[in-house]
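J.: Following this line is protein.cif, made up of mmCIF, C-alpha atoms:
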data_work
loop_
_atom_site.label_atom_id
_atom_site.label_comp_id
_atom_site.auth_asym_id
_atom_site.auth_seq_id
_atom_site.Cartn_x
_atom_site.Cartn_y
_atom_site.Cartn_z
CA MET R 2 0.00 0.00 0.00
CA TYR R 3 0.96 3.62 -0.54
CA SER R 4 2.80 5.14 2.43
CA ILE R 5 3.24 8.88 2.94
CA SER R 6 6.03 10.65 4.81
CA ARG R 7 5.67 12.07 8.28
CA LEU R 8 5.90 15.62 6.95
CA GLN R 9 3.01 14.93 4.59
CA GLN R 10 1.00 13.47 7.47
CA ILE R 11 1.64 16.60 9.53
CA ILE R 12 0.66 19.11 6.86
CA LYS R 13 -2.32 17.06 5.72
CA PRO R 14 -4.83 19.63 7.15
CA ILE R 15 -3.52 22.32 4.76
CA MET R 16 -3.63 20.03 1.72
CA HIS R 17 -6.57 19.20 -0.58
CA GLY R 18 -7.14 22.81 -1.65
CA ARG R 19 -7.85 24.34 1.76
CA PHE R 20 -4.87 26.68 1.65
CA ARG R 21 -5.26 27.20 -2.11
CA HIS R 22 -8.76 28.53 -1.46
CA HIS R 23 -7.28 31.36 0.61
CA ILE R 24 -4.60 31.95 -2.05
CA ARG R 25 -7.24 32.35 -4.77
CA LYS R 26 -9.31 34.60 -2.51
CA TYR R 27 -6.55 37.23 -2.39
CA GLN R 28 -4.93 36.31 -5.76
CA ALA R 29 -1.68 35.93 -3.85
CA ASP R 30 -0.01 33.89 -6.63
CA LYS R 31 -1.05 36.18 -9.47
CA HIS R 32 2.45 37.35 -10.39
CA ASN R 33 4.43 34.48 -8.90
CA LYS R 34 6.15 32.08 -11.26
CA GLY R 35 6.97 28.62 -9.98
CA PHE R 36 7.40 29.33 -6.27
CA GLY R 37 3.98 30.18 -4.86
CA CYS R 38 2.51 30.57 -1.39
CA HIS R 39 2.00 26.81 -1.01
CA ASN R 40 5.70 26.14 -1.60
CA LEU R 41 6.59 28.90 0.86
CA LEU R 42 4.28 27.51 3.57
CA VAL R 43 5.62 23.96 3.27
CA SER R 44 9.20 25.24 3.35
CA MET R 45 8.59 27.37 6.45
CA ILE R 46 6.81 24.58 8.34
CA TYR R 47 9.71 22.28 7.51
CA ALA R 48 12.12 24.96 8.76
CA HIS R 49 10.33 25.19 12.12
CA LEU R 50 10.13 21.42 12.58
CA SER R 51 13.69 20.62 11.45
CA HIS R 52 15.64 23.18 13.55
CA SER R 53 16.83 25.05 10.45
CA ASN R 54 18.29 28.35 11.69
CA SER R 55 19.29 29.95 8.39
CA LEU R 56 18.33 29.98 4.73
CA ARG R 57 21.50 28.10 3.84
CA THR R 58 20.82 25.18 6.21
CA LEU R 59 17.14 25.16 5.18
CA GLU R 60 18.08 24.94 1.50
CA GLN R 61 20.56 22.10 1.97
CA SER R 62 18.37 20.11 4.36
CA PHE R 63 15.18 20.42 2.31
CA ASN R 64 16.82 19.72 -1.05
CA ALA R 65 18.60 16.63 0.31
CA ASN R 66 15.25 14.82 0.07
CA SER R 67 14.24 15.94 -3.40
CA SER R 68 12.80 12.51 -4.25
CA HIS R 69 9.98 13.17 -1.76
CA HIS R 70 9.03 16.64 -2.99
CA TYR R 71 6.44 15.48 -5.54
CA HIS R 72 4.36 13.96 -2.73
CA LEU R 73 4.12 17.43 -1.16
CA ASN R 74 3.45 19.12 -4.51
CA VAL R 75 6.52 21.32 -4.07
CA ARG R 76 9.91 21.66 -5.71
CA SER R 77 13.47 22.27 -4.57
CA ILE R 78 14.09 25.66 -3.01
CA ARG R 79 16.80 28.28 -3.48
CA ARG R 80 17.94 30.82 -0.93
CA SER R 81 17.40 33.82 -3.20
CA THR R 82 13.91 32.65 -4.20
CA LEU R 83 12.92 31.96 -0.60
CA SER R 84 14.29 35.32 0.58
CA GLU R 85 12.35 37.17 -2.11
CA ALA R 86 9.17 35.24 -1.32
CA LEU R 87 9.39 36.07 2.38
CA ALA R 88 9.76 39.75 1.58
CA LYS R 89 6.93 40.01 -0.96
CA ARG R 90 4.26 37.33 -0.41
CA ASP R 91 0.88 38.48 0.86
CA THR R 92 0.41 37.56 4.54
CA ARG R 93 -3.41 37.45 4.42
CA PRO R 94 -3.72 33.86 3.08
CA PHE R 95 -1.40 32.66 5.85
CA ALA R 96 -3.39 34.52 8.51
CA ASP R 97 -6.67 33.06 7.21
CA MET R 98 -5.19 29.55 7.13
CA LEU R 99 -4.00 29.99 10.71
CA ALA R 100 -7.50 31.06 11.77
CA GLU R 101 -8.96 27.98 10.04
CA LEU R 102 -6.48 25.70 11.84
CA MET R 103 -7.47 27.31 15.15
CA ARG R 104 -11.13 26.50 14.45
CA THR R 105 -10.17 22.96 13.44
CA CYS R 106 -8.29 22.42 16.68
CA SER R 107 -11.23 23.72 18.69
CA ARG R 108 -13.50 21.12 17.04
CA THR R 109 -11.08 18.19 16.82
CA LEU R 110 -8.88 18.20 19.88
CA ARG R 111 -9.88 17.09 23.36
CA LYS R 112 -13.20 18.61 24.40
CA PRO R 113 -13.76 19.75 27.98
CA THR R 114 -15.33 17.04 30.11
CA GLN R 115 -17.91 17.62 32.77
CA GLU R 116 -15.16 18.14 35.34
CA THR R 117 -13.26 20.63 33.17
CA ALA R 118 -16.17 22.39 31.50
CA ASP R 119 -15.43 25.64 33.38
CA LEU R 120 -11.82 25.93 32.21
CA PRO R 121 -11.19 29.50 31.09
CA TYR R 122 -9.90 31.36 28.09
CA LEU R 123 -6.50 32.98 28.69
CA ILE R 124 -5.48 36.33 27.23
CA ASP R 125 -1.91 37.61 27.09
CA SER R 126 0.83 38.87 24.79
CA THR R 127 4.52 38.12 24.39
CA PRO R 128 7.28 40.36 23.01
CA ILE R 129 9.41 39.43 20.01
CA ALA R 130 12.72 41.24 20.30
CA LEU R 131 14.20 42.42 17.00
CA LYS R 132 17.58 44.14 17.08
CA GLY R 133 20.31 44.72 14.57
CA ARG R 134 20.87 45.85 11.04
CA GLY R 135 17.66 45.98 9.04
CA PHE R 136 15.35 45.76 12.05
CA ASP R 137 16.12 49.20 13.50
CA GLN R 138 14.69 50.86 10.38
CA TRP R 139 11.08 49.86 11.02
CA VAL R 140 10.60 48.34 14.50
CA SER R 141 9.23 50.41 17.39
CA ASN R 142 10.37 50.59 21.00
CA ASN R 143 8.00 50.68 23.98
CA GLY R 144 10.69 51.37 26.58
CA ARG R 145 11.26 47.70 27.44
CA ILE R 146 11.73 45.95 24.08
CA SER R 147 12.35 46.86 20.48
CA GLY R 148 10.33 44.65 18.15
CA LEU R 149 6.82 43.22 17.87
CA LYS R 150 4.14 41.79 20.14
CA VAL R 151 2.06 38.67 19.58
CA HIS R 152 -1.38 38.84 21.22
CA VAL R 153 -3.07 35.47 21.81
CA LEU R 154 -6.41 34.23 23.10
CA MET R 155 -5.91 30.61 24.23
CA ASN R 156 -8.38 27.88 25.16
CA HIS R 157 -7.17 26.26 28.37
CA ALA R 158 -9.03 23.02 27.59
CA ASN R 159 -6.71 22.07 24.70
CA ASN R 160 -3.81 24.54 25.14
CA CYS R 161 -4.37 25.90 21.63
CA PRO R 162 -4.73 29.52 20.49
CA THR R 163 -8.17 30.51 19.23
CA ALA R 164 -7.29 34.04 18.04
CA GLN R 165 -4.11 36.02 17.46
CA SER R 166 -2.77 39.30 16.21
CA ILE R 167 0.73 40.66 15.55
CA THR R 168 1.29 44.33 16.33
CA ALA R 169 4.05 46.81 17.05
CA ALA R 170 5.60 46.78 20.50
CA THR R 171 3.96 50.12 21.32
CA VAL R 172 0.41 48.75 20.96
CA ASN R 173 -1.31 48.26 24.32
CA ASP R 174 -2.89 44.90 25.10
CA ILE R 175 -6.29 46.47 25.70
CA ASP R 176 -6.30 47.79 22.11
CA GLN R 177 -6.54 44.16 20.95
CA HIS R 178 -9.69 43.35 22.94
CA HIS R 179 -11.47 42.65 19.63
CA LEU R 180 -9.82 39.19 19.73
CA VAL R 181 -12.30 38.28 22.47
CA GLN R 182 -15.85 37.54 21.41
CA PRO R 183 -17.46 36.95 24.83
CA GLU R 184 -19.44 33.71 25.14
CA LYS R 185 -22.14 33.13 27.71
CA GLY R 186 -20.86 31.03 30.59
CA ALA R 187 -17.19 31.34 29.62
CA ALA R 188 -14.45 32.66 31.89
CA TYR R 189 -11.69 35.00 30.69
CA VAL R 190 -8.43 35.41 32.58
CA PHE R 191 -6.03 38.25 31.79
CA ASP R 192 -3.45 40.45 33.46
CA LYS R 193 -3.31 44.18 34.17
CA GLY R 194 -2.46 44.90 30.54
CA CYS R 195 -6.17 44.48 29.75
CA CYS R 196 -7.31 46.42 32.81
CA ASP R 197 -10.04 48.63 31.35
CA ASP R 198 -13.25 49.20 33.26
CA ASN R 199 -15.18 49.96 30.08
CA TRP R 200 -14.14 46.75 28.37
CA TRP R 201 -15.07 44.72 31.44
CA ALA R 202 -18.69 45.60 30.72
CA GLU R 203 -18.64 43.60 27.45
CA PRO R 204 -18.10 40.10 28.94
CA ASP R 205 -20.33 41.06 31.84
CA ASN R 206 -23.22 41.98 29.50
CA ALA R 207 -22.65 38.74 27.52
CA GLY R 208 -23.04 36.60 30.66
CA ALA R 209 -19.33 35.71 30.87
CA CYS R 210 -16.99 35.91 33.86
CA PHE R 211 -13.57 37.49 34.03
CA VAL R 212 -10.69 37.30 36.51
CA THR R 213 -7.87 39.82 36.46
CA ARG R 214 -5.59 41.84 38.71
CA LEU R 215 -6.71 45.17 40.14
CA LYS R 216 -4.52 48.22 39.80
CA THR R 217 -3.13 49.64 43.02
CA ASN R 218 -4.48 53.15 42.30
CA ALA R 219 -8.03 52.02 41.48
CA ALA R 220 -10.58 54.20 43.30
CA VAL R 221 -13.03 51.73 44.83
CA GLN R 222 -15.20 51.52 47.91
CA VAL R 223 -15.84 48.40 49.96
CA ILE R 224 -19.51 47.45 50.21
CA GLU R 225 -19.29 44.26 52.22
CA GLN R 226 -16.68 42.01 53.78
CA ILE R 227 -17.13 38.28 53.12
CA THR R 228 -16.08 35.90 55.85
CA PRO R 229 -13.81 33.19 54.38
CA SER R 230 -15.54 29.83 54.72
CA LYS R 231 -15.33 26.39 53.26
CA ASN R 232 -17.28 25.82 50.06
CA PRO R 233 -20.20 23.53 50.98
CA ASN R 234 -20.14 21.95 47.52
CA THR R 235 -16.65 20.52 48.00
CA ASN R 236 -15.33 17.77 50.22
CA GLU R 237 -12.03 16.96 51.82
CA ASN R 238 -10.79 15.00 48.81
CA THR R 239 -11.25 17.86 46.35
CA HIS R 240 -7.76 19.29 46.87
CA LYS R 241 -5.31 16.55 47.71
CA ASN R 242 -2.30 18.80 47.31
CA THR R 243 -2.68 21.29 50.12
CA ASN R 244 0.54 23.09 49.16
CA ALA R 245 -1.09 24.26 45.91
CA THR R 246 -4.04 25.82 47.74
CA ALA R 247 -3.81 29.59 47.95
CA THR R 248 -4.30 31.44 51.23
CA ILE R 249 -7.16 33.93 51.01
CA LEU R 250 -6.43 37.05 53.07
CA ALA R 251 -9.55 39.03 52.21
CA ASP R 252 -12.78 38.64 50.23
CA GLU R 253 -14.84 41.78 49.57
CA TYR R 254 -17.61 43.27 47.46
CA ILE R 255 -16.52 46.59 45.92
CA ARG R 256 -17.72 49.29 43.54
CA PHE R 257 -15.98 52.07 41.66
CA LYS R 258 -16.22 55.51 43.21
CA HIS R 259 -16.10 57.70 40.13
CA LYS R 260 -18.41 57.86 37.14
CA LYS R 261 -15.54 58.84 34.84
CA ASN R 262 -12.03 57.58 34.18
CA SER R 263 -10.06 60.67 33.17
CA SER R 264 -12.26 62.10 30.41
CA ARG R 265 -14.15 58.88 29.59
CA PRO R 266 -17.30 57.64 31.29
CA ASN R 267 -16.93 54.52 33.42
CA HIS R 268 -19.48 52.03 32.07
CA TYR R 269 -18.86 49.74 35.04
CA HIS R 270 -19.80 52.39 37.61
CA GLY R 271 -22.53 51.24 39.96
CA LYS R 272 -21.93 47.53 39.40
CA THR R 273 -20.65 45.22 42.11
CA LEU R 274 -17.31 43.44 41.79
CA ARG R 275 -15.46 40.88 43.85
CA ARG R 276 -12.03 41.76 45.25
CA ILE R 277 -9.94 38.88 46.57
CA THR R 278 -6.53 39.25 48.23
CA VAL R 279 -4.29 36.18 47.96
CA LYS R 280 -1.14 35.58 49.98
CA ARG R 281 2.10 34.91 48.10
CA GLU R 282 5.37 33.62 49.48
CA ASP R 283 8.14 36.25 49.56
CA LYS R 284 6.01 38.63 47.47
CA ALA R 285 3.36 41.26 48.00
CA PRO R 286 -0.21 39.95 48.22
CA LEU R 287 -2.00 39.40 44.93
CA VAL R 288 -5.17 41.48 44.51
CA LEU R 289 -7.69 39.93 42.12
CA VAL R 290 -10.98 41.29 40.85
CA SER R 291 -13.83 39.36 39.23
CA ASN R 292 -17.48 39.78 38.33
CA ASN R 293 -18.21 36.27 39.66
CA LEU R 294 -20.07 37.05 42.87
CA THR R 295 -21.11 33.50 43.81
CA ALA R 296 -18.07 31.25 43.31
CA PRO R 297 -15.79 30.49 46.32
CA ALA R 298 -12.78 32.74 46.64
CA GLN R 299 -10.47 29.73 46.39
CA GLU R 300 -11.97 28.78 43.04
CA ILE R 301 -11.44 32.29 41.65
CA ALA R 302 -7.83 32.27 42.87
CA ASP R 303 -7.24 28.87 41.23
CA THR R 304 -8.75 30.16 37.98
CA HIS R 305 -6.30 33.05 37.86
CA LYS R 306 -3.46 30.64 38.62
CA GLN R 307 -4.22 28.81 35.36
CA ARG R 308 -3.07 31.91 33.45
CA ARG R 309 0.43 30.47 33.67
CA GLN R 310 -0.47 28.03 30.89
CA ILE R 311 -0.39 30.74 28.24
CA GLU R 312 3.05 31.78 29.47
CA LEU R 313 4.16 28.16 29.06
CA LEU R 314 2.77 28.25 25.50
CA PHE R 315 4.89 31.29 24.66
CA LYS R 316 7.91 29.62 26.25
CA TRP R 317 7.38 26.44 24.20
CA LEU R 318 7.06 28.37 20.93
CA LYS R 319 10.23 30.39 21.56
CA GLN R 320 12.32 27.47 22.77
CA HIS R 321 11.42 24.86 20.15
CA LEU R 322 10.39 26.71 17.00
CA GLN R 323 12.53 29.06 14.95
CA LEU R 324 11.71 32.40 16.63
CA LYS R 325 15.18 33.47 17.78
CA ARG R 326 16.71 33.96 14.34
CA PHE R 327 14.66 35.24 11.44
CA PHE R 328 15.17 34.44 7.77
CA GLY R 329 14.37 38.01 6.70
CA ARG R 330 14.82 41.46 8.24
CA ASN R 331 11.74 43.23 6.89
CA ALA R 332 8.32 43.36 8.50
CA ASN R 333 6.67 41.04 5.97
CA ALA R 334 9.24 38.25 6.42
CA VAL R 335 9.07 38.41 10.22
CA LYS R 336 5.28 38.30 10.23
CA LEU R 337 5.21 35.32 7.84
CA GLN R 338 7.69 33.45 10.03
CA LEU R 339 5.56 34.11 13.14
CA LEU R 340 2.35 32.97 11.42
CA CYS R 341 4.02 29.79 10.15
CA ALA R 342 5.39 29.08 13.63
CA MET R 343 1.90 29.09 15.13
CA MET R 344 0.64 26.94 12.25
CA ALA R 345 3.46 24.45 12.87
CA TYR R 346 2.44 24.23 16.53
CA LEU R 347 -1.22 23.58 15.67
CA LEU R 348 -0.33 21.02 13.00
CA LEU R 349 1.86 19.23 15.52
CA LYS R 350 -1.05 19.15 17.99
CA LEU R 351 -3.35 17.68 15.34
CA TYR R 352 -0.71 15.10 14.38
CA GLN R 353 -0.34 14.16 18.05
CA GLN R 354 -4.08 13.53 18.29
CA ASN R 355 -4.33 11.65 14.98
CA THR R 356 -1.48 9.28 15.88
CA ARG R 357 -2.98 8.72 19.36
CA THR R 358 0.40 8.97 21.02
CA TYR R 359 0.74 9.35 24.77
CA ASP R 360 4.05 11.21 24.52
CA SER R 361 4.22 14.87 25.37
CA LEU R 362 4.39 17.42 22.59
CA HIS R 363 8.05 18.04 23.38
CA LEU R 364 9.00 14.36 23.02
CA LEU R 365 6.92 14.01 19.85
CA TYR R 366 8.59 17.05 18.35
CA ALA R 367 12.05 15.73 19.23
CA ARG R 368 11.28 12.31 17.70
CA ILE R 369 9.98 13.50 14.34
CA ALA R 370 12.45 16.38 13.86
CA GLY R 371 15.03 14.08 12.30
CA CYS R 372 12.70 11.86 10.27
CA LEU R 373 10.26 14.23 8.58
CA PHE R 374 10.69 12.52 5.20
CA GLU R 375 10.61 8.99 6.60
CA ARG R 376 7.69 6.86 5.46
CA PRO R 377 6.28 4.87 8.39
CA GLN R 378 4.55 1.56 7.82
CA THR R 379 0.88 1.59 6.98
CA LEU R 380 -1.65 -0.32 9.01
CA TYR R 381 -1.86 -2.94 6.26
CA ALA R 382 1.92 -3.41 6.28
CA CYS R 383 1.88 -3.90 10.05
CA TYR R 384 -0.96 -6.42 9.71
CA ALA R 385 0.87 -8.32 6.97
CA GLN R 386 4.03 -8.46 9.07
CA ARG R 387 2.13 -9.86 12.07
CA ARG R 388 0.47 -12.46 9.80
CA ARG R 389 3.83 -13.61 8.49
CA GLU R 390 5.20 -13.88 12.01
CA ARG R 391 2.17 -15.92 13.05
CA GLU R 392 2.61 -18.27 10.08
CA VAL R 393 6.26 -18.85 11.01
CA TRP R 394 5.27 -19.51 14.61
CA MET R 395 2.56 -22.01 13.55
CA ALA R 396 5.04 -23.82 11.29
CA MET R 397 7.45 -24.18 14.20
CA GLN R 398 4.68 -25.58 16.39
CA GLU R 399 3.82 -28.23 13.76
CA ARG R 400 7.44 -29.40 13.69
CA LEU R 401 7.43 -29.87 17.44
CA PHE R 402 4.46 -32.22 17.36
#
How would this structure read if it were set down as structure tokens?
T.:
Amino acid sequence: MYSISRLQQIIKPIMHGRFRHHIRKYQADKHNKGFGCHNLLVSMIYAHLSHSNSLRTLEQSFNANSSHHYHLNVRSIRRSTLSEALAKRDTRPFADMLAELMRTCSRTLRKPTQETADLPYLIDSTPIALKGRGFDQWVSNNGRISGLKVHVLMNHANNCPTAQSITAATVNDIDQHHLVQPEKGAAYVFDKGCCDDNWWAEPDNAGACFVTRLKTNAAVQVIEQITPSKNPNTNENTHKNTNATATILADEYIRFKHKKNSSRPNHYHGKTLRRITVKREDKAPLVLVSNNLTAPAQEIADTHKQRRQIELLFKWLKQHLQLKRFFGRNANAVKLQLLCAMMAYLLLKLYQQNTRTYDSLHLLYARIAGCLFERPQTLYACYAQRRREREVWMAMQERLF
């Protein structure tokens, strides 16, 4: 039977015309001869999965397996052609394909069970530092970094992004709140970068909950003090690891004092919020605020603690994929490399689910990095091999008797 390579198995979700539909939508290959957007996408995904850190190593590594290129519907690459494509190709088809992969992961990967149905959406951004010749001509500096920022909305249930945007480093996180389309019953966890009283009204009006940190200079008044007590809906076996349980110092109902924030009206004025103070070892207490007025304080503190998962996602992307050295020094090339990195991560997650492996994503990535063009045995080949082994074993048994 016909056997396909591991690389072809990984990029299977972008095959069969799905990516070509987005290419035709924007006519991205109108003036391209030979090396189109599909060739560029396959080359960049291979670069991220094979630890290629330069155009020279990418060219030599990819072209060393030229006999497999026709299965991927691509051809051999050249450094000059790839460099020109990164600088000039339209980024919109890649962004649309990334959004489609995000929707596919939301439908295909592990769904929340009854016990994890209340897992939240996590919102955060990570800086991409860009320094050196070629970058200084167009990147912006926000006082901490010089480069870009990647804003991500992540589903905690499957550890996959559901929305993203790439902006300049000077863009505030709250300016990207359009990534969040509040869903009824969902919970959104974010840091002080998205601390905007007016935006808080959107998830509140949609019937969603949010958990964030409260600014130290927020003008609020305490309405009622809540006595910390054990949640009657839980038992002693709910939290087996007592060291992971946060210590609640205070639980209060608060409201904003002022009707305006600077020159803007405060749309959250007059509404009741929950302020929870959590003890931290060797650090100042953590002050959280939420519109969930009924959940136990411990549950709200644990929900905010899950925000660390999106930081681990950023760490994984930067450590394993090619985001430290860029193949081009213009804005278009950097953005394409970032989009392809997130696509490579999602394709790897889908491949992990399709192969039903129990290995972590890190171990799976390490195992396939060196055998992307290897053709594993098909199910029929494995069955035929077991049948031959059984026939040999039966023949040996007949000789014994």
J.: Find the distance between CA of Arg93 in chain R and CA of Val140 in chain R and write it in Å to one decimal.
T.: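 Going from CA of Arg93 in chain R over to CA of Val140 in chain R covers 20.4 Å.
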J.: Name the residues, using the chain letters and numbers of the file, that sit within 12 Å of (-0.2, 14.3, 18.4) when counting all atoms listed in the file, and give them as an MDAnalysis selection string.
T.: chainID R and resid 7 10:11 106 109:111 159 346:366 368:369
J.: Of the candidates R:Asn267, R:Asn143, R:Thr127, R:Thr248, which one gets nearest to Ala220 in chain R if we count all atoms listed in the file?
T.: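 Counting all atoms listed in the file, the residue closest to Ala220 in chain R is R:Asn267.
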J.: For this file, the PyMOL selection byres ((chain R and resi 175-192) around 10) selects which residues, as number ranges by chain?
T.: R: 118-126, 152-156, 163-168, 172-174, 193-197, 200, 203-215, 289, 291, 293, 304-308
J.: Which polymer residues, protein or nucleic acid, are no farther than 12 Å from (4.6, 21.3, -4.5), counting only C-alpha atoms, as a list in words?
T.: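 The requested residues, written out, are Gln9, Met16, Arg21, Gly35, Phe36, Gly37, Cys38, His39, Asn40, Leu41, Leu42, Val43, Ser44, Ser67, His69, His70, Tyr71, His72, Leu73, Asn74, Val75, Arg76, Ser77 and Ile78 of chain R.
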J.: What does the distance between CA of Met45 in chain R and CA of Leu8 in chain R come to in Å, to one decimal place?
T.: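 If I compute the distance from CA of Met45 in chain R to CA of Leu8 in chain R, I get 12.1 Å.
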J.: For the atom pair CA of Gln28 in chain R and CA of Asp97 in chain R, what is the interatomic distance in Å to one decimal place?
T.: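 Those two atoms sit 13.5 Å apart.
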J.: How would you write, as a PyMOL selection string, the residues chosen by the PyMOL selection byres ((chain R and resi 50-54) around 10) on this structure?
T.: chain R and resi 8+45-49+55-63+321-328+342+345-346+349+366-367+369-373
J.: From the block I gave, I'd like range 156-206 of chain R written with C-alpha atoms, as an mmCIF file, in the first residue's frame.
T.:
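Done, and the output landed in out-v3.cif:
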data_model
loop_
_atom_site.group_PDB
_atom_site.id
_atom_site.type_symbol
_atom_site.label_atom_id
_atom_site.label_comp_id
_atom_site.auth_asym_id
_atom_site.auth_seq_id
_atom_site.Cartn_x
_atom_site.Cartn_y
_atom_site.Cartn_z
ATOM 1 C CA ASN R 156 -8.381 27.884 25.163
ATOM 2 C CA HIS R 157 -7.175 26.264 28.369
ATOM 3 C CA ALA R 158 -9.026 23.015 27.589
ATOM 4 C CA ASN R 159 -6.707 22.069 24.701
ATOM 5 C CA ASN R 160 -3.815 24.539 25.138
ATOM 6 C CA CYS R 161 -4.374 25.896 21.631
ATOM 7 C CA PRO R 162 -4.727 29.516 20.492
ATOM 8 C CA THR R 163 -8.170 30.511 19.235
ATOM 9 C CA ALA R 164 -7.287 34.037 18.043
ATOM 10 C CA GLN R 165 -4.111 36.020 17.463
ATOM 11 C CA SER R 166 -2.769 39.305 16.206
ATOM 12 C CA ILE R 167 0.730 40.659 15.554
ATOM 13 C CA THR R 168 1.289 44.330 16.329
ATOM 14 C CA ALA R 169 4.047 46.815 17.050
ATOM 15 C CA ALA R 170 5.598 46.777 20.498
ATOM 16 C CA THR R 171 3.962 50.122 21.319
ATOM 17 C CA VAL R 172 0.413 48.754 20.964
ATOM 18 C CA ASN R 173 -1.309 48.259 24.316
ATOM 19 C CA ASP R 174 -2.891 44.896 25.100
ATOM 20 C CA ILE R 175 -6.290 46.475 25.696
ATOM 21 C CA ASP R 176 -6.304 47.792 22.112
ATOM 22 C CA GLN R 177 -6.541 44.163 20.955
ATOM 23 C CA HIS R 178 -9.691 43.345 22.940
ATOM 24 C CA HIS R 179 -11.469 42.653 19.632
ATOM 25 C CA LEU R 180 -9.820 39.192 19.726
ATOM 26 C CA VAL R 181 -12.298 38.279 22.467
ATOM 27 C CA GLN R 182 -15.852 37.540 21.412
ATOM 28 C CA PRO R 183 -17.464 36.948 24.825
ATOM 29 C CA GLU R 184 -19.444 33.714 25.135
ATOM 30 C CA LYS R 185 -22.137 33.129 27.707
ATOM 31 C CA GLY R 186 -20.864 31.029 30.594
ATOM 32 C CA ALA R 187 -17.194 31.338 29.624
ATOM 33 C CA ALA R 188 -14.449 32.657 31.894
ATOM 34 C CA TYR R 189 -11.692 34.996 30.689
ATOM 35 C CA VAL R 190 -8.429 35.406 32.578
ATOM 36 C CA PHE R 191 -6.034 38.246 31.794
ATOM 37 C CA ASP R 192 -3.446 40.448 33.458
ATOM 38 C CA LYS R 193 -3.315 44.180 34.170
ATOM 39 C CA GLY R 194 -2.456 44.895 30.536
ATOM 40 C CA CYS R 195 -6.166 44.480 29.746
ATOM 41 C CA CYS R 196 -7.309 46.415 32.812
ATOM 42 C CA ASP R 197 -10.039 48.631 31.350
ATOM 43 C CA ASP R 198 -13.252 49.198 33.264
ATOM 44 C CA ASN R 199 -15.181 49.957 30.078
ATOM 45 C CA TRP R 200 -14.140 46.748 28.367
ATOM 46 C CA TRP R 201 -15.065 44.716 31.437
ATOM 47 C CA ALA R 202 -18.687 45.596 30.723
ATOM 48 C CA GLU R 203 -18.637 43.596 27.448
ATOM 49 C CA PRO R 204 -18.098 40.097 28.936
ATOM 50 C CA ASP R 205 -20.332 41.056 31.843
ATOM 51 C CA ASN R 206 -23.218 41.976 29.500
#
